[in-house]
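Engineer: For reference, the structure I am asking about is given below.
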There are 4 protein chains.
Amino acid sequence: MNPSSFVNSFPSGANAAAADASSVNLRVGGDRRKQRSRRKEARPSELAAAALELFVERGFAATRLDDVAASAGVSKGTLYLYFNSKEALFKAVVQEAIVPELIAAEQFMANHRGSAAEVLRELTFFWWRHSGATRLAGVPKLMIAESGNFPELAKYYHDHVMMRGRALLGAVLARGIESGEFRRVDLETAIDLIIAPVMMLHVWRYSVCAHEREIDAEAYLTMHCDMIIRGFATEGNPA
Amino acid sequence: MNPSSFVNSFPSGANAAAADASSVNLRVGGDRRKQRSRRKEARPSELAAAALELFVERGFAATRLDDVAASAGVSKGTLYLYFNSKEALFKAVVQEAIVPELIAAEQFMANHRGSAAEVLRELTFFWWRHSGATRLAGVPKLMIAESGNFPELAKYYHDHVMMRGRALLGAVLARGIESGEFRRVDLETAIDLIIAPVMMLHVWRYSVCAHEREIDAEAYLTMHCDMIIRGFATEGNPA
Amino acid sequence: MNPSSFVNSFPSGANAAAADASSVNLRVGGDRRKQRSRRKEARPSELAAAALELFVERGFAATRLDDVAASAGVSKGTLYLYFNSKEALFKAVVQEAIVPELIAAEQFMANHRGSAAEVLRELTFFWWRHSGATRLAGVPKLMIAESGNFPELAKYYHDHVMMRGRALLGAVLARGIESGEFRRVDLETAIDLIIAPVMMLHVWRYSVCAHEREIDAEAYLTMHCDMIIRGFATEGNPA
Amino acid sequence: MNPSSFVNSFPSGANAAAADASSVNLRVGGDRRKQRSRRKEARPSELAAAALELFVERGFAATRLDDVAASAGVSKGTLYLYFNSKEALFKAVVQEAIVPELIAAEQFMANHRGSAAEVLRELTFFWWRHSGATRLAGVPKLMIAESGNFPELAKYYHDHVMMRGRALLGAVLARGIESGEFRRVDLETAIDLIIAPVMMLHVWRYSVCAHEREIDAEAYLTMHCDMIIRGFATEGNPA
DNA sequence: AATGAATGAGACTTCATTCAT
DNA sequence: GATGAATGAAGTCTCATTCAT
């Protein structure tokens with residue numbers, strides 16, 4: 001699993017607009033003359049990808065920059081050409097890893113037509129496919145573990161990732177309430193309860209249960225959606 | 001010094017209140033001759049308590065033994081009289097923090113009479129009062145963050161804490177299904193979905209949302225229980 | 001030339017009051033039981049002495065802490081028990097090196113009786129004996145070289161050392177003018193011109209001329225004093 | 001690339017003004033074809049000029065080649081086209097900075113007619129105007145700071161700069177003694193005492209006193225010359 | 001000739017661990 | 001039992017130097 005595959009692992013249709021053109025061009029360009037400069041443009045992403053792997057696996061503090069460098073196939077000094085500090089690398093990793101994920105989800109939502117319940121269910125599984133099943137699955141654990149020591153990063157993650165994801169869910173819920181499909185519940189709390197099990201699924205897979213218990217994600221998420229939809233359904237409209 | 005021997009050195013029926021009392025008595029007792037030996041017995045607990053505080057706040061790697069020692073009012077060397085390594089201290093901390101918590105929950109369950117739904121709801125709030133509102137609240141985050149680097153500890157936590165807690169919930173669910181109160185759902189998955197939001201509540205409070213958003217635990221847990229109970233209720237028995 | 005000789009190289013009668021008693025006790029104590037703790041008190045001075053040697057010889061940046069530690073016979077980590085950073089060590093070195101020097105000169109002055117010219121001449125040679133001929137001779141060069149990068153230290157040196165030395169000279173000059181021995185010259189400028197050749201003598205010995213030319217300090221300072229005294233003398237009083 | 005070949009590549013009768021003119025012409029000249037080759041010849045001087053600025057300001061060790069390159073508007077690699085190492089650059093800088101200074105002083109002396117006292121005074125102020133008031137003022141401090149780590153350079157500076165300057169002063173003194181204007185003093189020592197305050201004036205301005213005290217160079221040098229001339233004057237010839 | 005990306009040795013600094021007292 | 005001074009391995013970060021383009 002090399003760094004470049006990481007780039008390609010993003011939903012192809014989704015991030016075309018969002019991801020900077022350069023990293024996309026990286027693969028389509030045909031001529032060799034610009035390889036050096038193109039390489040330079042691609043480096044930060046490659047390094048961040050290597051770092052993501054290790055951060056997710058070992059945590060921030062336990063990851064040595066030597067290992068990141070070795071994993072990316074560069075020298076330790078090269079890391080500092082692109083990132084001023086280990087912390088800066090950490091920030092870049094999180095941003096590279098999560099922003100495309102969100103953009104994809106937002107586009108998915110924007111294009112979807114269907115009942116609120118359907119959207120909720122499909123969004124959940126979309127999320128799982130695009131995050132839970134990839135190496136991005138480790139990011140929530142990473143954030144949980146390190147946000148205490150990196151308040152700045154925690155704020156960024158909260159503002160740009162969690163709030164954005166919550167807004168998505170809030171819109172679905174509001175639509176369902178509007179249409180009479182859902183009961184009138186407190187939106188914030190409802191959002192919390194939709195998100196929590198999904199996050200926890202990621203976390204379990206990457207930490208406590210990693211080697212102890214195999215969680216059947218499909219069944220887990222199916223039941224979760226059932227519960228949510230049933231729990232929010234209006235009386236005359238049992239999902 | 002294996003984990004279980006350490007656990008067994010705790011007062012068997014003890015909970016947090018009892019442990020506190022002992023360390024308080026330590027200073028009010030009038031007999032001076034016994035103070036030394038009493039103190040000796042209490043030391044590991046005092047040290048672990050100081051370490052818990054710091055581990056939970058800063059994480060394992062970012063906590064220096066100097067700080068633990070200073071916080072406990074002893075010299076750094078003294079730590080090594082009771083724990084062979086930082087890792088050993090970590091194990092002791094986790095074990096000391098969680099075992100009493102569980103014992104208390106089990107006793108609570110054993111004594112409770114009522115419908116499955118009632119028990120579920122009360123158990124949830126009991127848990128919250130005894131864990132979420134105390135310093136133990138940080139333990140889940142700690143476990144999530146460090147279990148990857150301490151597989152042995154993750155296993156212990158999984159086997160002795162999570163499984164024990166899951167057994168508790170499994171018993172309640174089984175009772176509800178038996179009595180016709182709940183539908184026949186997959187037990188393991190159902191347990192996961194009951195636990196996840198509670199864990200996540202702990203985690204959020206200690207990490208990402210710490211400084212960003214105040215979660216109303218009461219409303220959150222109430223809605224969670226509503227959803228669970230409604231979601232599991234049999235057709236003719238809408239909770 | 002070991003560190004302890006450094007301590008003893010200070011004028012014995014002069015610094016008895018100034019230097020902290022501990023470093024003096026270091027040598028007079030007879031019992032062995034307290035060696036450990038006494039050692040601790042003495043350590044900072046020993047380390048600073050070792051550092052002085054190297055700083056003076058190689059400059060601040062070119063001196064490695066490994067070498068300082070090795071030279072003091074301790075491990076690198078030990079340095080950090082006493083000094084928070086290389087810069088802190090530098091500060092300590094300067095302060096340890098120069099303050100006693102000044103105190104000695106002040107006491108010398110206070111006890112001296114004689115004409116202004118005599119005092120001037122004797123003070124100059126006193127200074128030379130106590131500074132120019134010891135390893136402290138390198139401090140002026142050190143300060144000149146590094147003060148640009150350590151403005152804080154430059155200020156300290158200026159305020160506590162140079163101003164103090166200048167005050168000494170200013171007092172002598174003022175006395176001479178008062179008594180009609182010296183002409184009425186601008187004090188500040190006069191002080192500059194008395195100091196400059198003395199400083200430069202130190203500097204030359206430690207830098208440019210170190211291996212090229214041997215300056216006869218005795219002749220140099222004698223002529224310097226002659227020039228100064230003759231230059232300042234009133235018409236009817238040719239020195 | 002040995003020192004002397006480098007020196008010889010400079011315009012022989014040149015001084016600072018001439019060198020400046022060449023680099024200015026570089027840009028105003030209309031002929032574009034020559035610009036490339038002209039530029040090539042000028043490069044080393046431009047690079048050394050940029051380096052001088054930084055060396056003087058920060059010292060040798062604290063100056064990064066990145067900054068030198070950036071300041072000269074070239075890439076870091078280009079530095080190595082002209083100088084084999086940082087040390088080689090340092091040598092070039094010193095040589096380029098001081099040789100023209102000396103040549104100018106020698107020419108000034110050669111053309112001067114007047115009493116020894118007059119020459120001494122005017123030479124001093126000439127020196128100050130051409131060195132103390134320009135960026136060259138920092139060179140003495142630089143030499144003092146680094147000569148310990150660059151013995152070879154110290155020797156060059158001593159042999160080519162100091163000795164040459166001393167010869168100049170020695171000639172003036174000898175002339176004064178010959179004519180009966182000055183007393184018969186030891187020449188070497190006398191030269192030292194003439195130079196020292198001038199050097200120290202440079203040094204003070206660039207280091208310890210930089211931000212603390214403003215020295216009135218005019219008054220300082222005037223008094224210095226007065227003292228020297230008065231001090232050396234024969235009995236019947238009070239300056 | 002010129003670039004600037006890449007290197008890697010080496011610097012400062014931290015901290016878990018040990019041990020003489 | 002308790003101390004705390006001492007250690008040294010290992011980490012992050014810097015920067016002079018090289019070399020493919």
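Residue numbers start at 1 in each chain; chains themselves are named A, B, ... in the order of the structure tokens; ligands are numbered from 1 in the order shown.
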Within 9 Å of C:Glu212, counting only C-alpha atoms (C1' of nucleotides), which residues show up once you throw out same-chain ones fewer than 6 positions away? Write them as a list of chain:residue names, please.
Structural biologist: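 After dropping sequence-adjacent residues, the list is D:Ala154, D:Lys155, D:His158, D:Asp159.
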Engineer: With all heavy atoms retained, export the selected residues as a short mmCIF file (atom, residue, chain, number, x, y, z; two decimals), in the first residue's frame.
Structural biologist:
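result.cif, written as the output of this step:
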```
data_model
loop_
_atom_site.label_atom_id
_atom_site.label_comp_id
_atom_site.auth_asym_id
_atom_site.auth_seq_id
_atom_site.Cartn_x
_atom_site.Cartn_y
_atom_site.Cartn_z
N ALA D 154 43.05 34.16 11.14
CA ALA D 154 43.63 35.10 12.08
C ALA D 154 45.03 35.50 11.63
O ALA D 154 45.42 36.66 11.68
CB ALA D 154 43.67 34.49 13.49
N LYS D 155 45.75 34.49 11.18
CA LYS D 155 47.10 34.77 10.71
C LYS D 155 47.08 35.70 9.50
O LYS D 155 47.84 36.67 9.41
CB LYS D 155 47.82 33.46 10.35
CG LYS D 155 49.27 33.69 9.86
CD LYS D 155 50.06 32.42 9.86
CE LYS D 155 51.48 32.67 9.34
NZ LYS D 155 52.08 33.89 9.91
N HIS D 158 46.20 39.12 10.67
CA HIS D 158 47.33 39.72 11.37
C HIS D 158 48.42 40.17 10.40
O HIS D 158 48.89 41.30 10.45
CB HIS D 158 47.91 38.71 12.37
CG HIS D 158 49.07 39.23 13.14
ND1 HIS D 158 50.38 39.00 12.77
CD2 HIS D 158 49.13 39.99 14.26
CE1 HIS D 158 51.18 39.60 13.61
NE2 HIS D 158 50.46 40.21 14.54
N ASP D 159 48.77 39.28 9.51
CA ASP D 159 49.88 39.57 8.60
C ASP D 159 49.54 40.65 7.60
O ASP D 159 50.34 41.55 7.33
CB ASP D 159 50.29 38.29 7.84
CG ASP D 159 50.90 37.26 8.79
OD1 ASP D 159 51.16 37.62 9.95
OD2 ASP D 159 51.09 36.11 8.36
#
```
Engineer: With a cut-off of 6 Å and counting only C-alpha atoms, select all residues of chain A in contact with chain B and give the selection as a list in words.
Structural biologist: Ile144, Ala145, Ser147, Gly148, Ala154, Thr189, Ala196, Pro197, Met200, Ser207, Val208, Tyr220, Met227 and Gly231 of chain A
Engineer: If the cut-off is 9 Å, can you tell me the residues of chain D near chain E, counting only C-alpha atoms (C1' of nucleotides)? I'd like them as a VMD selection string.
Structural biologist: chain D and resid 40 74 to 78 81
Engineer: Got a sec to pull out which chain D residues are within 9 Å of chain F, counting only C-alpha atoms (C1' of nucleotides), and send them as JSON, numbers by chain?
Structural biologist: {"D": [64, 65, 66, 77, 80, 85, 86]}
Engineer: What does the structure give for the distance between atom CA of B:Ile98 and atom CA of A:Leu54, in Å to one decimal?
Structural biologist: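 Calculated distance between atom CA of B:Ile98 and atom CA of A:Leu54 is 29.3 Å.
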Engineer: Quick one: contact table of stretch 141-202 of chain C to stretch 105-109 of chain C, 10 Å max, nearest atom pair and distance in Å to one decimal per residue, counting only C-alpha atoms, chain and number order, as a Markdown table?
Structural biologist:
```
| residue | atom | partner | partner_atom | distance |
| --- | --- | --- | --- | --- |
| C:Arg164 | CA | C:Glu106 | CA | 8.8 |
| C:Gly165 | CA | C:Ala105 | CA | 8.4 |
| C:Ala167 | CA | C:Glu106 | CA | 9.7 |
| C:Leu168 | CA | C:Glu106 | CA | 7.1 |
| C:Leu169 | CA | C:Met109 | CA | 9.5 |
| C:Ala171 | CA | C:Met109 | CA | 9.6 |
| C:Val172 | CA | C:Met109 | CA | 8.8 |
```
Engineer: Kindly export the residues of the current selection with all heavy atoms, as a PDB file, in the first residue's frame.
Structural biologist:
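The resulting file, result.pdb, is reproduced below:
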```pdb
ATOM      1  N   ARG C 164      29.630  49.144  36.586  1.00  0.00           N
ATOM      2  CA  ARG C 164      30.248  49.058  37.895  1.00  0.00           C
ATOM      3  C   ARG C 164      31.737  49.395  37.794  1.00  0.00           C
ATOM      4  O   ARG C 164      32.291  50.108  38.636  1.00  0.00           O
ATOM      5  CB  ARG C 164      30.071  47.644  38.433  1.00  0.00           C
ATOM      6  CG  ARG C 164      29.773  47.578  39.902  1.00  0.00           C
ATOM      7  CD  ARG C 164      29.097  46.279  40.226  1.00  0.00           C
ATOM      8  NE  ARG C 164      29.473  45.786  41.544  1.00  0.00           N
ATOM      9  CZ  ARG C 164      29.027  44.636  42.060  1.00  0.00           C
ATOM     10  NH1 ARG C 164      28.195  43.878  41.349  1.00  0.00           N
ATOM     11  NH2 ARG C 164      29.396  44.246  43.265  1.00  0.00           N
ATOM     12  N   GLY C 165      32.362  48.866  36.776  1.00  0.00           N
ATOM     13  CA  GLY C 165      33.776  49.177  36.570  1.00  0.00           C
ATOM     14  C   GLY C 165      33.964  50.651  36.236  1.00  0.00           C
ATOM     15  O   GLY C 165      34.896  51.303  36.731  1.00  0.00           O
ATOM     16  N   ALA C 167      32.078  53.074  37.148  1.00  0.00           N
ATOM     17  CA  ALA C 167      31.840  53.877  38.351  1.00  0.00           C
ATOM     18  C   ALA C 167      33.119  53.970  39.182  1.00  0.00           C
ATOM     19  O   ALA C 167      33.461  55.026  39.725  1.00  0.00           O
ATOM     20  CB  ALA C 167      30.713  53.259  39.171  1.00  0.00           C
ATOM     21  N   LEU C 168      33.814  52.846  39.239  1.00  0.00           N
ATOM     22  CA  LEU C 168      35.069  52.795  39.978  1.00  0.00           C
ATOM     23  C   LEU C 168      36.050  53.823  39.411  1.00  0.00           C
ATOM     24  O   LEU C 168      36.631  54.642  40.149  1.00  0.00           O
ATOM     25  CB  LEU C 168      35.648  51.389  39.820  1.00  0.00           C
ATOM     26  CG  LEU C 168      36.195  50.705  41.062  1.00  0.00           C
ATOM     27  CD1 LEU C 168      35.114  50.655  42.116  1.00  0.00           C
ATOM     28  CD2 LEU C 168      36.663  49.305  40.706  1.00  0.00           C
ATOM     29  N   LEU C 169      36.229  53.765  38.112  1.00  0.00           N
ATOM     30  CA  LEU C 169      37.167  54.673  37.467  1.00  0.00           C
ATOM     31  C   LEU C 169      36.691  56.125  37.582  1.00  0.00           C
ATOM     32  O   LEU C 169      37.494  57.037  37.802  1.00  0.00           O
ATOM     33  CB  LEU C 169      37.328  54.297  35.994  1.00  0.00           C
ATOM     34  CG  LEU C 169      38.143  53.036  35.743  1.00  0.00           C
ATOM     35  CD1 LEU C 169      38.107  52.666  34.274  1.00  0.00           C
ATOM     36  CD2 LEU C 169      39.580  53.249  36.210  1.00  0.00           C
ATOM     37  N   ALA C 171      35.076  57.437  39.918  1.00  0.00           N
ATOM     38  CA  ALA C 171      35.339  57.936  41.266  1.00  0.00           C
ATOM     39  C   ALA C 171      36.793  58.391  41.402  1.00  0.00           C
ATOM     40  O   ALA C 171      37.095  59.437  41.978  1.00  0.00           O
ATOM     41  CB  ALA C 171      35.018  56.849  42.285  1.00  0.00           C
ATOM     42  N   VAL C 172      37.681  57.586  40.835  1.00  0.00           N
ATOM     43  CA  VAL C 172      39.098  57.947  40.905  1.00  0.00           C
ATOM     44  C   VAL C 172      39.345  59.254  40.169  1.00  0.00           C
ATOM     45  O   VAL C 172      40.024  60.170  40.681  1.00  0.00           O
ATOM     46  CB  VAL C 172      39.972  56.839  40.296  1.00  0.00           C
ATOM     47  CG1 VAL C 172      41.446  57.236  40.359  1.00  0.00           C
ATOM     48  CG2 VAL C 172      39.746  55.528  41.019  1.00  0.00           C
TER      49      VAL C 172
END
```
